[in-house]
Structure formats: structure tokens, C-alpha cells
Amino acid sequence: MKLILHRSILELKYTFRISRRSFNSLDNLVVEIYHDGISGYGEATYNPYYANTEVDRMISKLESLRSEIEHKLPDSAESFWDKMHSLLFDFPFALCALDVAMQDWFARKAGLPLYAYWGLELVQLPKTSFTLAIEAPDNMIQRMKEMQWDSYKIKLGTPDDIQLVKTLRNHSDAIFRVDANCAWTVEETIEKSIQLKELGVEFIEQPLPAEEWQAMKKIYKDGALPLIADESCRTITDIEKCVDTFHGVNIKIMKCGGLTPAMRMIKRAKSLGLKVMVGCMTESTVGISAIAHLLPLLDYADMDGALFLKSDIATGVKITNASIVFPEEPGTGVELI
């Protein structure tokens, strides 16, 4: 078994701004696992909100574990993740890339799409929302005209959040979901939830900083809209804390460490009555294709990241408003360009 690392820069079509940062490009790492003439691919991108996501640092860590990774083919992707988690627990993005590559490899070896390898069927798939980053209102309206989708996730955290949503609502009857990325206060969230509900918003994602669990309980009690945890829900240990605090969770494979823990989190969240969403990290089609195979298990999806790239680094699952097209190739269907 051979570990191959591919580094690249993902250039965006335009500046992507959320409440805490703006960026025009992303440092990116693709992990390839090669064995028996078959390659599996996984991905990790740099995100300063999370520790140990610098690509240089991830590469250095993976190189230090090369002998452990390449030692022998594991019995399953799940057993491989359990072993690697003990070595990479503080490098979840790198762990994710490894795990996805291994899940991809095993499905390709079996000659099956990854969802079928898991025993899933492509039925009742939720459509992904299209994200509207924080921009001047006219620019956001233009994005909606360019991408006429059934649902939009609107990034908020500005002094004029409500007026912005009102302006956008004047130009679309689509489903609106809003994401404050930890930028609001308790009182602000409760007040805005009432106004946003009147504007047809479906839910609010992560209004408060991740650690403010008790404050979130007040919003859960007094707010007017369902609440989805993102930054507050990183790993499976956070799922139970979200009960009676959030109505659902946004599971991202990079922050939890891969597809293997994501599936465990989905099962746990559903058992506790939480809605389940899977989001992305503005990655390429390598990561988006992996996420797409979870669709049969989800209530909501946010997997539009590759659509913001000037040029992609891979082919695979294609995401549009009307449909999600899975390739004929086995595994995640990814091929590097």
C-alpha cells in the first residue's frame, strides 16, 4: 500500500466572505492511497478556524506516519480509521483525507459506487442549497440570477442582516436558510428569528460561538426558528450536547475526521431525534463527491463548494440545482485532472 500526497491551490471565482473571514483561494491537500492497481482519493483544505489544518503541517504529520499508514492493507476502512484516529486525533482534516481515500479504495476494489458499497440506494435525496457569501446586496442578487436554485444558504453577520434578507426575498421565492457563523448574541438571535421567520427562512445555523451551550438553550426555548449546530458539533461526543439545544446538526467530514465517523454521527443524531445536514468546506470535487454518497441518510445538504472554484482539480459527482449526477465509476467516482 502506498501513500501519495498531492498539493494544490484552489482559486475561487470571487471573494468568499463570512462573518469572521474572507478568502480568494485555499491551500489544498489530496491524499491518494494506491494498492493493487487501484487508487482511492480523499481531501483536506486549510481552514484557520480549526487547528492543524495548515497543509505543510498536515503533510509533515502524514509523512511522520508513512510507515504506519503503508504497513499493510487493513481489513476495512473502519478498522483503518480506528487505528489512524489514535495517531491523528488532533489532525481531523488529515484524518478525513486518509479515511475518504480508504473508503474510496475499498468501494473501487468491490466494483461498486460508495453508496452501494455501504448498502444505500439513491432514493429521496435532498437537494443541496447554494451558498450566498456576504457581499453587496446587488452582487448577491446577481449570484441568485446566475444560480437559480430551489434553496439558498445566506451567510449573515452584518449590521444589516434583516434588511439584506428582505432585499433578497424581493428577488426569490426559494427556500432561505441563514448561517451567522457564530456572529450573533442571544437577544439578537431571538429577535432576528422572529423577523426571519416572517421572511420565510427555514432555519438558523450556528448563531452563537461554539462554546456557548447554556446561552443556546435560551434561544432553543424562546426563538422562533429551528437551530442547526455547525461549529458546536465537531465529533460524536458533541451530538448528545445538541439535544434540547439545537434542532439539528451540520456534520462536516473534515471537522469530524472522515466518512467513517460522519456515518456514526448521523446514526447517533437520528437516534436522538435530531435533523441531520452535511456541509462542505469549499473543497474540490474530490471532497464533494465523497459527501454526496451520504445523501440517502440526510435531511439537508450543503455541498456546493466546488462550484465556487475557477477550475476544479478532479471530476466526479456533478452538483446542480435540478439533479445530482453520480458517475459510472466505482467508489466516489473521482478522477484527478
# chains A, B, ... in the order shown; residues from 1 in each chain; ligands from 1
call {"tool": "select_by_dssp", "arguments": {"residues": "segment 113-167 of chain A", "states": "helix (DSSP H, G or I)", "output": "PyMOL selection string"}}
result
chain A and resi 114-117+137-146+161-167
call {"tool": "residues_around", "arguments": {"residues": "segment 321-334 of chain A", "least_positions_apart": "3", "cutoff": "7 Å", "atoms": "only C-alpha atoms", "output": "PyMOL selection string"}}
result
chain A and resi 104-105+107-108+111-114+127+149-150+286+289-290+314-318
call {"tool": "residues_around", "arguments": {"residues": "Thr158 of chain A", "least_positions_apart": "4", "cutoff": "9 Å", "atoms": "only C-alpha atoms", "output": "VMD selection string"}}
result
chain A and resid 19 134 164 180 183
call {"tool": "atom_distance", "arguments": {"atom1": "atom CA of Tyr34 of chain A", "atom2": "atom CA of Ile4 of chain A"}}
result
7.5 Å
call {"tool": "residues_around", "arguments": {"residues": "Met147 of chain A", "least_positions_apart": "5", "cutoff": "12 Å", "atoms": "only C-alpha atoms", "output": "JSON, numbers by chain"}}
result
{"A": [129, 130, 131, 132, 140, 141, 142, 152, 172, 174, 304, 307, 308, 319, 320, 321, 322]}
call {"tool": "decode", "arguments": {"residues": "segment 285-317 of chain A", "atoms": "N, CA and C atoms", "output": "mmCIF file, in the first residue's frame"}}
result
data_model
loop_
_atom_site.group_PDB
_atom_site.id
_atom_site.type_symbol
_atom_site.label_atom_id
_atom_site.label_comp_id
_atom_site.auth_asym_id
_atom_site.auth_seq_id
_atom_site.Cartn_x
_atom_site.Cartn_y
_atom_site.Cartn_z
ATOM 1 N N THR A 285 -14.039 18.839 -6.156
ATOM 2 C CA THR A 285 -14.936 17.716 -6.425
ATOM 3 C C THR A 285 -14.466 16.438 -5.738
ATOM 4 N N VAL A 286 -13.210 16.365 -5.312
ATOM 5 C CA VAL A 286 -12.760 15.199 -4.543
ATOM 6 C C VAL A 286 -13.583 15.080 -3.266
ATOM 7 N N GLY A 287 -13.636 16.154 -2.490
ATOM 8 C CA GLY A 287 -14.387 16.129 -1.237
ATOM 9 C C GLY A 287 -15.880 16.130 -1.435
ATOM 10 N N ILE A 288 -16.355 16.910 -2.402
ATOM 11 C CA ILE A 288 -17.795 16.992 -2.647
ATOM 12 C C ILE A 288 -18.352 15.638 -3.079
ATOM 13 N N SER A 289 -17.602 14.911 -3.900
ATOM 14 C CA SER A 289 -18.065 13.589 -4.342
ATOM 15 C C SER A 289 -18.193 12.633 -3.168
ATOM 16 N N ALA A 290 -17.266 12.715 -2.217
ATOM 17 C CA ALA A 290 -17.358 11.857 -1.031
ATOM 18 C C ALA A 290 -18.605 12.179 -0.230
ATOM 19 N N ILE A 291 -18.853 13.471 0.000
ATOM 20 C CA ILE A 291 -20.026 13.896 0.766
ATOM 21 C C ILE A 291 -21.312 13.426 0.110
ATOM 22 N N ALA A 292 -21.362 13.492 -1.215
ATOM 23 C CA ALA A 292 -22.594 13.176 -1.955
ATOM 24 C C ALA A 292 -23.088 11.760 -1.679
ATOM 25 N N HIS A 293 -22.187 10.838 -1.389
ATOM 26 C CA HIS A 293 -22.600 9.455 -1.149
ATOM 27 C C HIS A 293 -23.339 9.295 0.180
ATOM 28 N N LEU A 294 -23.326 10.340 1.015
ATOM 29 C CA LEU A 294 -24.097 10.321 2.263
ATOM 30 C C LEU A 294 -25.540 10.792 2.061
ATOM 31 N N LEU A 295 -25.868 11.299 0.889
ATOM 32 C CA LEU A 295 -27.172 11.931 0.673
ATOM 33 C C LEU A 295 -28.372 11.087 1.081
ATOM 34 N N PRO A 296 -28.390 9.766 0.835
ATOM 35 C CA PRO A 296 -29.569 8.980 1.240
ATOM 36 C C PRO A 296 -29.856 9.014 2.740
ATOM 37 N N LEU A 297 -28.891 9.454 3.547
ATOM 38 C CA LEU A 297 -29.045 9.465 5.002
ATOM 39 C C LEU A 297 -29.444 10.822 5.552
ATOM 40 N N LEU A 298 -29.587 11.847 4.697
ATOM 41 C CA LEU A 298 -29.657 13.226 5.166
ATOM 42 C C LEU A 298 -31.041 13.859 5.047
ATOM 43 N N ASP A 299 -31.250 14.877 5.894
ATOM 44 C CA ASP A 299 -32.426 15.738 5.784
ATOM 45 C C ASP A 299 -32.116 16.981 4.952
ATOM 46 N N TYR A 300 -30.908 17.519 5.105
ATOM 47 C CA TYR A 300 -30.479 18.721 4.392
ATOM 48 C C TYR A 300 -29.060 18.509 3.878
ATOM 49 N N ALA A 301 -28.727 19.236 2.823
ATOM 50 C CA ALA A 301 -27.380 19.132 2.265
ATOM 51 C C ALA A 301 -26.865 20.514 1.886
ATOM 52 N N ASP A 302 -25.570 20.705 2.113
ATOM 53 C CA ASP A 302 -24.877 21.926 1.707
ATOM 54 C C ASP A 302 -23.542 21.486 1.133
ATOM 55 N N MET A 303 -23.516 21.182 -0.149
ATOM 56 C CA MET A 303 -22.320 20.609 -0.776
ATOM 57 C C MET A 303 -22.036 21.257 -2.123
ATOM 58 N N ASP A 304 -22.012 22.583 -2.099
ATOM 59 C CA ASP A 304 -21.818 23.348 -3.331
ATOM 60 C C ASP A 304 -20.401 23.885 -3.493
ATOM 61 N N GLY A 305 -19.470 23.496 -2.605
ATOM 62 C CA GLY A 305 -18.159 24.112 -2.545
ATOM 63 C C GLY A 305 -17.399 24.160 -3.853
ATOM 64 N N ALA A 306 -17.436 23.068 -4.621
ATOM 65 C CA ALA A 306 -16.664 23.020 -5.863
ATOM 66 C C ALA A 306 -17.187 23.997 -6.909
ATOM 67 N N LEU A 307 -18.423 24.452 -6.762
ATOM 68 C CA LEU A 307 -18.999 25.384 -7.731
ATOM 69 C C LEU A 307 -18.367 26.768 -7.646
ATOM 70 N N PHE A 308 -17.631 27.046 -6.579
ATOM 71 C CA PHE A 308 -17.011 28.358 -6.402
ATOM 72 C C PHE A 308 -15.592 28.418 -6.961
ATOM 73 N N LEU A 309 -15.095 27.301 -7.501
ATOM 74 C CA LEU A 309 -13.721 27.253 -7.979
ATOM 75 C C LEU A 309 -13.600 27.764 -9.411
ATOM 76 N N LYS A 310 -12.507 28.481 -9.676
ATOM 77 C CA LYS A 310 -12.217 28.882 -11.053
ATOM 78 C C LYS A 310 -11.991 27.663 -11.928
ATOM 79 N N SER A 311 -11.252 26.715 -11.406
ATOM 80 C CA SER A 311 -11.031 25.454 -12.115
ATOM 81 C C SER A 311 -10.893 24.343 -11.094
ATOM 82 N N ASP A 312 -11.509 23.227 -11.376
ATOM 83 C CA ASP A 312 -11.507 22.097 -10.449
ATOM 84 C C ASP A 312 -10.250 21.265 -10.661
ATOM 85 N N ILE A 313 -9.945 20.425 -9.692
ATOM 86 C CA ILE A 313 -8.782 19.544 -9.800
ATOM 87 C C ILE A 313 -9.188 18.097 -10.038
ATOM 88 N N ALA A 314 -10.500 17.848 -10.152
ATOM 89 C CA ALA A 314 -10.965 16.471 -10.305
ATOM 90 C C ALA A 314 -12.330 16.441 -10.980
ATOM 91 N N THR A 315 -12.670 15.288 -11.507
ATOM 92 C CA THR A 315 -14.028 15.005 -11.958
ATOM 93 C C THR A 315 -14.650 14.027 -10.980
ATOM 94 N N GLY A 316 -15.970 13.936 -11.010
ATOM 95 C CA GLY A 316 -16.678 13.041 -10.104
ATOM 96 C C GLY A 316 -18.153 13.359 -10.095
ATOM 97 N N VAL A 317 -18.750 13.408 -8.916
ATOM 98 C CA VAL A 317 -20.160 13.759 -8.783
ATOM 99 C C VAL A 317 -20.363 15.198 -9.261
#
